[in-house]
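*Asks:* My structure is in coords15.cif, and what it holds is mmCIF, C-alpha atoms:
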data_run
#
loop_
_atom_site.label_atom_id
_atom_site.label_comp_id
_atom_site.auth_asym_id
_atom_site.auth_seq_id
_atom_site.Cartn_x
_atom_site.Cartn_y
_atom_site.Cartn_z
CA MET A 256 -37.43 166.60 -30.54
CA THR A 257 -34.79 169.30 -30.49
CA GLN A 258 -34.93 172.47 -32.54
CA GLU A 259 -31.87 171.33 -34.53
CA THR A 260 -33.75 168.31 -35.91
CA THR A 261 -36.72 170.28 -37.29
CA LEU A 262 -37.20 172.64 -40.24
CA GLN A 263 -38.56 176.03 -39.24
CA THR A 264 -40.21 176.62 -42.61
CA VAL A 265 -42.20 173.39 -42.36
CA SER A 266 -43.25 174.20 -38.81
CA ARG A 267 -44.42 177.62 -39.93
CA ALA A 268 -46.38 176.19 -42.85
CA VAL A 269 -48.17 173.81 -40.49
CA ALA A 270 -48.85 176.73 -38.15
CA VAL A 271 -50.48 178.62 -41.04
CA LEU A 272 -52.85 175.72 -41.68
CA ARG A 273 -53.73 175.53 -37.99
CA CYS A 274 -54.79 179.19 -38.07
CA PHE A 275 -57.86 178.14 -40.07
CA GLU A 276 -59.16 175.96 -37.21
CA GLY A 277 -59.84 172.92 -39.37
CA GLY A 278 -61.45 174.90 -42.17
CA ALA A 279 -63.89 176.90 -40.04
CA LEU A 280 -62.36 180.29 -40.88
CA ASP A 281 -61.63 182.44 -43.94
CA LEU A 282 -58.74 184.79 -43.16
CA SER A 283 -57.15 187.84 -44.74
CA LEU A 284 -53.40 188.16 -45.05
CA LYS A 285 -53.44 190.66 -42.18
CA GLU A 286 -55.40 188.25 -39.97
CA LEU A 287 -52.97 185.47 -40.81
CA THR A 288 -50.03 187.74 -40.08
CA ASP A 289 -51.51 188.76 -36.71
CA ARG A 290 -52.17 185.15 -35.76
CA MET A 291 -48.71 183.98 -36.82
CA GLY A 292 -46.84 186.87 -35.21
CA LEU A 293 -44.48 187.04 -38.21
CA ASN A 294 -43.79 189.72 -40.79
CA LYS A 295 -46.18 190.11 -43.72
CA VAL A 296 -43.72 189.05 -46.42
CA THR A 297 -42.93 185.73 -44.70
CA VAL A 298 -46.60 184.89 -44.16
CA LEU A 299 -47.43 185.84 -47.77
CA ARG A 300 -44.75 183.48 -49.09
CA LEU A 301 -45.99 180.67 -46.87
CA ALA A 302 -49.61 181.23 -47.94
CA ARG A 303 -48.74 181.37 -51.65
CA THR A 304 -46.76 178.14 -51.36
CA LEU A 305 -49.68 176.38 -49.65
CA VAL A 306 -52.02 177.67 -52.39
CA LYS A 307 -49.68 176.28 -55.04
CA GLU A 308 -49.61 172.90 -53.27
CA GLY A 309 -53.42 172.77 -53.15
CA LEU A 310 -53.77 173.07 -49.37
CA LEU A 311 -55.06 176.65 -49.30
CA VAL A 312 -57.35 178.58 -51.65
CA HIS A 313 -57.02 182.32 -52.30
CA ASP A 314 -60.30 183.99 -53.25
CA SER A 315 -59.37 186.76 -55.71
CA ARG A 316 -62.74 188.48 -55.17
CA THR A 317 -62.52 188.81 -51.38
CA SER A 318 -58.72 188.45 -51.01
CA LEU A 319 -59.37 185.90 -48.26
CA TYR A 320 -57.57 182.60 -47.76
CA ARG A 321 -59.32 179.39 -46.77
CA MET A 322 -58.37 175.75 -46.41
CA SER A 323 -58.70 173.72 -49.59
CA PHE A 324 -60.66 170.52 -49.94
CA GLY A 325 -57.32 169.15 -51.09
CA CYS A 326 -56.49 168.72 -47.41
CA ILE A 327 -59.15 166.03 -47.21
CA GLY A 328 -57.32 163.98 -49.81
CA LEU A 329 -54.28 163.76 -47.54
CA ALA A 330 -56.23 162.17 -44.70
CA ARG A 331 -59.28 160.46 -46.21
CA LYS A 332 -57.74 157.00 -46.49
CA LEU A 333 -55.88 157.39 -43.21
CA LEU A 334 -59.18 157.51 -41.32
CA ALA A 335 -60.18 154.16 -42.81
CA ARG A 336 -56.76 152.56 -42.44
CA ASP A 337 -56.76 148.86 -41.55
CA GLY A 338 -60.55 148.78 -41.50
CA LEU A 339 -60.82 149.79 -37.84
CA SER A 340 -63.37 152.56 -38.41
CA ASP A 341 -65.56 150.37 -40.63
CA CYS A 342 -65.55 147.59 -38.03
CA ALA A 343 -66.34 149.92 -35.15
CA LEU A 344 -68.99 152.14 -36.72
CA PRO A 345 -72.13 149.97 -36.28
CA PHE A 346 -71.24 149.24 -32.65
CA MET A 347 -70.48 152.92 -32.00
CA GLU A 348 -73.91 153.76 -33.38
CA GLU A 349 -75.49 151.26 -31.00
CA ALA A 350 -73.59 152.79 -28.06
CA ARG A 351 -74.81 156.25 -29.03
CA LYS A 352 -78.37 154.95 -29.30
CA GLN A 353 -78.16 153.42 -25.82
CA THR A 354 -76.52 156.41 -24.10
CA ASN A 355 -77.54 159.35 -26.29
CA GLU A 356 -74.02 160.70 -25.75
CA THR A 357 -71.18 161.42 -28.15
CA VAL A 358 -69.24 158.27 -29.07
CA CYS A 359 -65.68 158.45 -30.38
CA LEU A 360 -63.11 156.09 -31.83
CA ILE A 361 -59.66 156.95 -30.50
CA VAL A 362 -56.24 155.60 -31.48
CA ARG A 363 -52.73 156.07 -30.14
CA GLU A 364 -49.97 157.81 -32.07
CA GLU A 365 -46.81 157.52 -29.97
CA ASN A 366 -47.48 159.77 -26.94
CA ASP A 367 -50.76 161.20 -28.23
CA ARG A 368 -54.35 160.02 -28.48
CA VAL A 369 -56.23 161.06 -31.61
CA ALA A 370 -59.97 160.92 -32.40
CA ILE A 371 -60.44 159.36 -35.86
CA HIS A 372 -64.24 159.01 -35.86
CA THR A 373 -66.96 160.80 -33.92
CA LEU A 374 -70.72 160.31 -33.64
CA PRO A 375 -72.05 163.45 -31.92
CA SER A 376 -74.79 163.26 -29.32
CA PHE A 377 -78.22 164.51 -30.40
CA GLN A 378 -78.78 166.24 -27.04
CA SER A 379 -78.82 170.02 -26.90
CA VAL A 380 -76.21 169.99 -24.11
CA ARG A 381 -73.39 167.75 -25.27
CA PHE A 382 -69.62 167.46 -25.58
CA VAL A 383 -68.13 166.63 -28.97
CA LEU A 384 -64.61 165.60 -29.89
CA GLU A 385 -63.81 166.63 -33.45
CA VAL A 386 -62.06 164.21 -35.81
CA GLY A 387 -58.35 164.90 -35.49
CA ASP A 388 -58.61 166.07 -31.88
CA ARG A 389 -55.22 165.32 -30.32
CA ARG A 390 -54.36 165.11 -26.62
CA PRO A 391 -51.56 163.57 -24.54
CA VAL A 392 -52.23 159.84 -24.38
CA TYR A 393 -52.08 159.69 -20.60
CA LEU A 394 -55.15 161.94 -20.21
CA GLY A 395 -58.75 160.76 -20.05
CA ALA A 396 -60.54 157.42 -20.10
CA GLY A 397 -59.66 156.74 -23.72
CA GLY A 398 -55.99 157.36 -23.04
CA GLN A 399 -56.02 154.98 -20.06
CA CYS A 400 -57.37 152.25 -22.32
CA LEU A 401 -54.83 152.89 -25.07
CA VAL A 402 -51.82 152.56 -22.76
CA SER A 403 -53.19 149.73 -20.61
CA GLY A 404 -51.61 147.09 -22.84
CA LEU A 405 -48.15 148.62 -23.14
CA SER A 406 -45.03 146.93 -21.82
CA GLU A 407 -43.62 148.17 -18.54
CA ASP A 408 -40.76 149.96 -20.34
CA GLN A 409 -43.09 151.71 -22.78
CA LEU A 410 -45.44 152.73 -20.02
CA ALA A 411 -42.63 153.99 -17.81
CA ALA A 412 -41.34 156.22 -20.62
CA ILE A 413 -44.76 157.77 -21.17
CA LEU A 414 -45.49 158.32 -17.49
CA GLU A 415 -42.03 159.77 -16.88
CA GLN A 416 -42.82 162.39 -19.50
CA ALA A 417 -46.31 162.84 -18.08
CA ASP A 418 -45.00 163.80 -14.64
CA ASP A 419 -43.23 166.78 -16.27
CA GLU A 420 -46.22 167.98 -18.26
CA ALA A 421 -48.34 170.97 -17.26
CA ASP A 422 -51.53 169.04 -18.07
CA MET A 423 -50.78 166.50 -15.38
CA ARG A 424 -50.10 169.19 -12.79
CA THR A 425 -53.19 171.15 -13.82
CA PHE A 426 -55.56 168.23 -13.30
CA GLY A 427 -53.74 166.76 -10.31
CA THR A 428 -52.89 163.46 -11.99
CA THR A 429 -49.50 161.82 -11.43
CA GLY A 430 -47.73 158.89 -13.02
CA ALA A 431 -48.32 156.86 -9.86
CA GLU A 432 -52.04 157.62 -9.93
CA SER A 433 -52.15 156.66 -13.62
CA CYS A 434 -50.58 153.30 -12.81
CA ARG A 435 -53.24 152.65 -10.18
CA ARG A 436 -56.00 153.45 -12.65
CA LEU A 437 -54.43 151.25 -15.31
CA GLY A 438 -54.74 148.34 -12.92
CA LEU A 439 -58.49 148.99 -12.81
CA VAL A 440 -58.70 149.11 -16.61
CA ARG A 441 -57.02 145.72 -16.89
CA GLU A 442 -59.24 144.27 -14.19
CA ARG A 443 -62.65 145.40 -15.41
CA GLY A 444 -62.06 146.22 -19.09
CA TRP A 445 -63.09 149.88 -18.99
CA ALA A 446 -62.01 153.28 -17.70
CA VAL A 447 -63.61 156.53 -16.62
CA GLY A 448 -62.27 160.05 -16.33
CA ARG A 449 -63.54 163.48 -15.42
CA GLY A 450 -62.08 166.88 -16.25
CA GLU A 451 -58.65 165.63 -17.32
CA TRP A 452 -58.31 167.27 -20.72
CA SER A 453 -61.21 169.69 -20.29
CA SER A 454 -62.82 170.80 -17.05
CA GLU A 455 -66.22 170.48 -18.75
CA ALA A 456 -65.87 166.95 -20.14
CA ALA A 457 -66.07 163.42 -18.80
CA GLY A 458 -65.73 160.08 -20.53
CA ALA A 459 -66.03 156.33 -20.21
CA ALA A 460 -64.04 154.09 -22.55
CA ALA A 461 -63.00 150.52 -23.35
CA PRO A 462 -60.10 149.13 -25.40
CA ILE A 463 -60.34 147.40 -28.79
CA HIS A 464 -57.94 144.50 -29.38
CA ASP A 465 -56.80 142.80 -32.55
CA SER A 466 -56.56 139.02 -33.00
CA ASP A 467 -53.14 139.02 -31.30
CA GLY A 468 -54.48 140.81 -28.22
CA ILE A 469 -52.77 144.10 -29.10
CA ILE A 470 -54.78 147.23 -28.33
CA ARG A 471 -55.74 148.90 -31.61
CA GLY A 472 -57.92 151.69 -30.28
CA ALA A 473 -60.61 152.62 -27.80
CA ILE A 474 -64.29 153.45 -27.96
CA SER A 475 -65.12 156.38 -25.72
CA VAL A 476 -68.49 157.74 -24.62
CA VAL A 477 -68.05 161.47 -23.98
CA MET A 478 -70.41 163.71 -22.03
CA PRO A 479 -70.61 167.01 -20.13
CA VAL A 480 -69.22 166.62 -16.64
CA THR A 481 -72.57 167.79 -15.22
CA ARG A 482 -74.11 164.43 -16.20
CA ALA A 483 -71.18 162.32 -15.06
CA THR A 484 -72.45 160.72 -11.86
CA ASP A 485 -70.72 157.51 -10.77
CA GLU A 486 -73.72 155.38 -11.67
CA TYR A 487 -74.19 157.00 -15.08
CA MET A 488 -70.48 156.75 -15.89
CA GLU A 489 -70.50 153.02 -15.17
CA THR A 490 -73.56 152.58 -17.40
CA CYS A 491 -71.77 154.40 -20.24
CA ALA A 492 -68.61 152.39 -19.58
CA GLN A 493 -70.52 149.14 -19.97
CA GLN A 494 -71.90 150.36 -23.31
CA ALA A 495 -68.40 151.32 -24.45
CA LYS A 496 -67.11 147.92 -23.37
CA ALA A 497 -69.86 146.09 -25.26
CA ALA A 498 -69.07 148.10 -28.41
CA ALA A 499 -65.34 147.48 -28.04
CA ILE A 500 -65.79 143.73 -27.56
CA LYS A 501 -67.98 143.50 -30.66
CA THR A 502 -65.45 145.52 -32.65
CA THR A 503 -62.67 143.22 -31.44
CA LYS A 504 -64.64 140.18 -32.63
CA GLU A 505 -65.34 141.79 -36.00
CA LEU A 506 -61.68 142.65 -36.49
CA SER A 507 -60.70 139.05 -35.70
CA ARG A 508 -63.32 137.73 -38.13
CA GLN A 509 -62.09 139.96 -40.96
CA TYR A 510 -58.46 138.90 -40.52
CA GLN A 511 -59.06 135.17 -40.24
#
Hey, can you dump this file as structure tokens for me?

*Replies:*
Amino acid sequence: MTQETTLQTVSRAVAVLRCFEGGALDLSLKELTDRMGLNKVTVLRLARTLVKEGLLVHDSRTSLYRMSFGCIGLARKLLARDGLSDCALPFMEEARKQTNETVCLIVREENDRVAIHTLPSFQSVRFVLEVGDRRPVYLGAGGQCLVSGLSEDQLAAILEQADDEADMRTFGTTGAESCRRLGLVRERGWAVGRGEWSSEAAGAAAPIHDSDGIIRGAISVVMPVTRATDEYMETCAQQAKAAAIKTTKELSRQYQ
């Protein structure tokens, strides 16, 4: 998307919200200004507007800003859209019980993959994807699953972009290599990946289909790369596949 087709004020407002790291931080106006790299008056106007719209809260006692619970209202129903999360949850819980690793539900939004539900591992050493975590769709086991059902034209467009991305160069993955791996996903019904979107993370995933055979999402078992032996990854992949198949069946049953 070119700069001419976007509104700078909207982009800046979104950038303000991202400064709060999903609600984990309370920030002063100076801290916001430093993070934004803009002048104080501009940031103050942006913050006041977001307070008025119910997306930020200004604490008059401490003079700190924080994200408002009003942000939840914007996304609450989105996470349960089309019943996918409800269908997948019991089977995700079973996969977590069997692997004791973090289990995530991931969907595709154009050229991105987004985590919409996460069940964190109970282990002291674990890797967790937060809800809303967004990565390029061509990275990781979950991404492989999400694009494995695309048409050749759609896939070519994504992989053409991928070859130009720094992420692909960083992790040594090319469009050609992605095509080879997609063949494996289609053949065995699961995918694995190590260190593609984080050098410390590995994952095994399987695609969820709707009644028409269209891929609706993927269930991914995520773990620290230190535990990701070939044998263990295949075990986790089989658990992800079992959960995805059961979710697929439940989706079909609900839409009969």

*Asks:* Considering all atoms listed in the file, return as a list of chain:residue names whatever protein or nucleic-acid residues lie within 9 Å of Ala268 (chain A), sequence-local ones (same chain, fewer than 4 positions apart) excluded.

*Replies:*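 My list of contacting residues is A:Gln263, A:Thr264, A:Leu272, A:Arg273, A:Val298, A:Leu301, A:Ala302, A:Thr304, A:Leu305.
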
*Asks:* What is the distance, in Å and to one decimal place, between CA of Glu489 (chain A) and CA of Ile463 (chain A)?

*Replies:*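 Separation of CA of Glu489 (chain A) and CA of Ile463 (chain A): 17.9 Å.
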
*Asks:* Between A:Leu280, A:Val380, A:Ile371, A:Val362, which is the closest to Cys400 (chain A) once you count all atoms listed in the file?

*Replies:* A:Val362

*Asks:* Kindly provide the residues of region 281-398 of chain A that approach region 493-497 of chain A to within 12 Å, each paired with its closest atom pair and their distance in Å to one decimal, based on all atoms listed in the file, listed by chain and increasing number, as a Markdown table.

*Replies:*
| residue | atom | partner | partner_atom | distance |
| --- | --- | --- | --- | --- |
| A:Ala343 | CA | A:Ala495 | CA | 11.0 |
| A:Pro345 | CA | A:Ala497 | CA | 11.9 |
| A:Phe346 | CA | A:Ala497 | CA | 8.2 |
| A:Met347 | CA | A:Ala495 | CA | 8.0 |
| A:Glu348 | CA | A:Ala495 | CA | 10.8 |
| A:Glu349 | CA | A:Gln494 | CA | 8.5 |
| A:Ala350 | CA | A:Gln494 | CA | 5.6 |
| A:Arg351 | CA | A:Gln494 | CA | 8.7 |
| A:Lys352 | CA | A:Gln494 | CA | 9.9 |
| A:Gln353 | CA | A:Gln494 | CA | 7.4 |
| A:Thr354 | CA | A:Gln494 | CA | 7.7 |
| A:Asn355 | CA | A:Gln494 | CA | 11.0 |
| A:Glu356 | CA | A:Gln494 | CA | 10.8 |
| A:Thr357 | CA | A:Ala495 | CA | 11.1 |
| A:Val358 | CA | A:Ala495 | CA | 8.4 |
| A:Cys359 | CA | A:Ala495 | CA | 9.7 |
| A:Leu360 | CA | A:Ala495 | CA | 10.3 |
| A:Ala396 | CA | A:Ala495 | CA | 10.9 |
| A:Gly397 | CA | A:Ala495 | CA | 10.3 |

*Asks:* Applied to the shown file, which residues does the PyMOL selection byres ((chain A and resi 382) around 10) return, written as a short mmCIF file (atom, residue, chain, number, x, y, z; two decimals) with C-alpha atoms, in the coordinates of the input?

*Replies:*
data_model
loop_
_atom_site.label_atom_id
_atom_site.label_comp_id
_atom_site.auth_asym_id
_atom_site.auth_seq_id
_atom_site.Cartn_x
_atom_site.Cartn_y
_atom_site.Cartn_z
CA GLU A 356 -74.02 160.70 -25.75
CA THR A 357 -71.18 161.42 -28.15
CA VAL A 358 -69.24 158.27 -29.07
CA PRO A 375 -72.05 163.45 -31.92
CA SER A 376 -74.79 163.26 -29.32
CA GLN A 378 -78.78 166.24 -27.04
CA SER A 379 -78.82 170.02 -26.90
CA VAL A 380 -76.21 169.99 -24.11
CA ARG A 381 -73.39 167.75 -25.27
CA VAL A 383 -68.13 166.63 -28.97
CA LEU A 384 -64.61 165.60 -29.89
CA GLU A 385 -63.81 166.63 -33.45
CA GLU A 455 -66.22 170.48 -18.75
CA ALA A 456 -65.87 166.95 -20.14
CA ALA A 457 -66.07 163.42 -18.80
CA GLY A 458 -65.73 160.08 -20.53
CA VAL A 476 -68.49 157.74 -24.62
CA VAL A 477 -68.05 161.47 -23.98
CA MET A 478 -70.41 163.71 -22.03
CA PRO A 479 -70.61 167.01 -20.13
CA VAL A 480 -69.22 166.62 -16.64
#

*Asks:* List the residues selected by the PyMOL selection byres ((chain A and resi 290-294) around 12) in the file shown, writing them as a ChimeraX atom specification.

*Replies:* /A:266-276,282-289,295-302

*Asks:* Can you work out the spacing between CA of Val265 (chain A) and CA of Trp452 (chain A) in Å, to one decimal?

*Replies:*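 Rounded to one decimal, the two atoms are 27.7 Å apart.
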
*Asks:* Nearest to Ser453 (chain A): which of A:Gly309, A:Gly395, A:Gly472, A:Gly325 is it, counting only C-alpha atoms?

*Replies:*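 With only C-alpha atoms as the atom set, the closest residue is A:Gly395.
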
*Asks:* Taking 5 positions as the minimum chain separation for residues in the same chain, which residues sit within 12 Å of region 468-471 of chain A when counting only C-alpha atoms? Answer as an NGL selection string.

*Replies:* :A and (336-340 or 342-343 or 360-364 or 368 or 397-406 or 441 or 444 or 461-463 or 499-500 or 502-504 or 506-507)
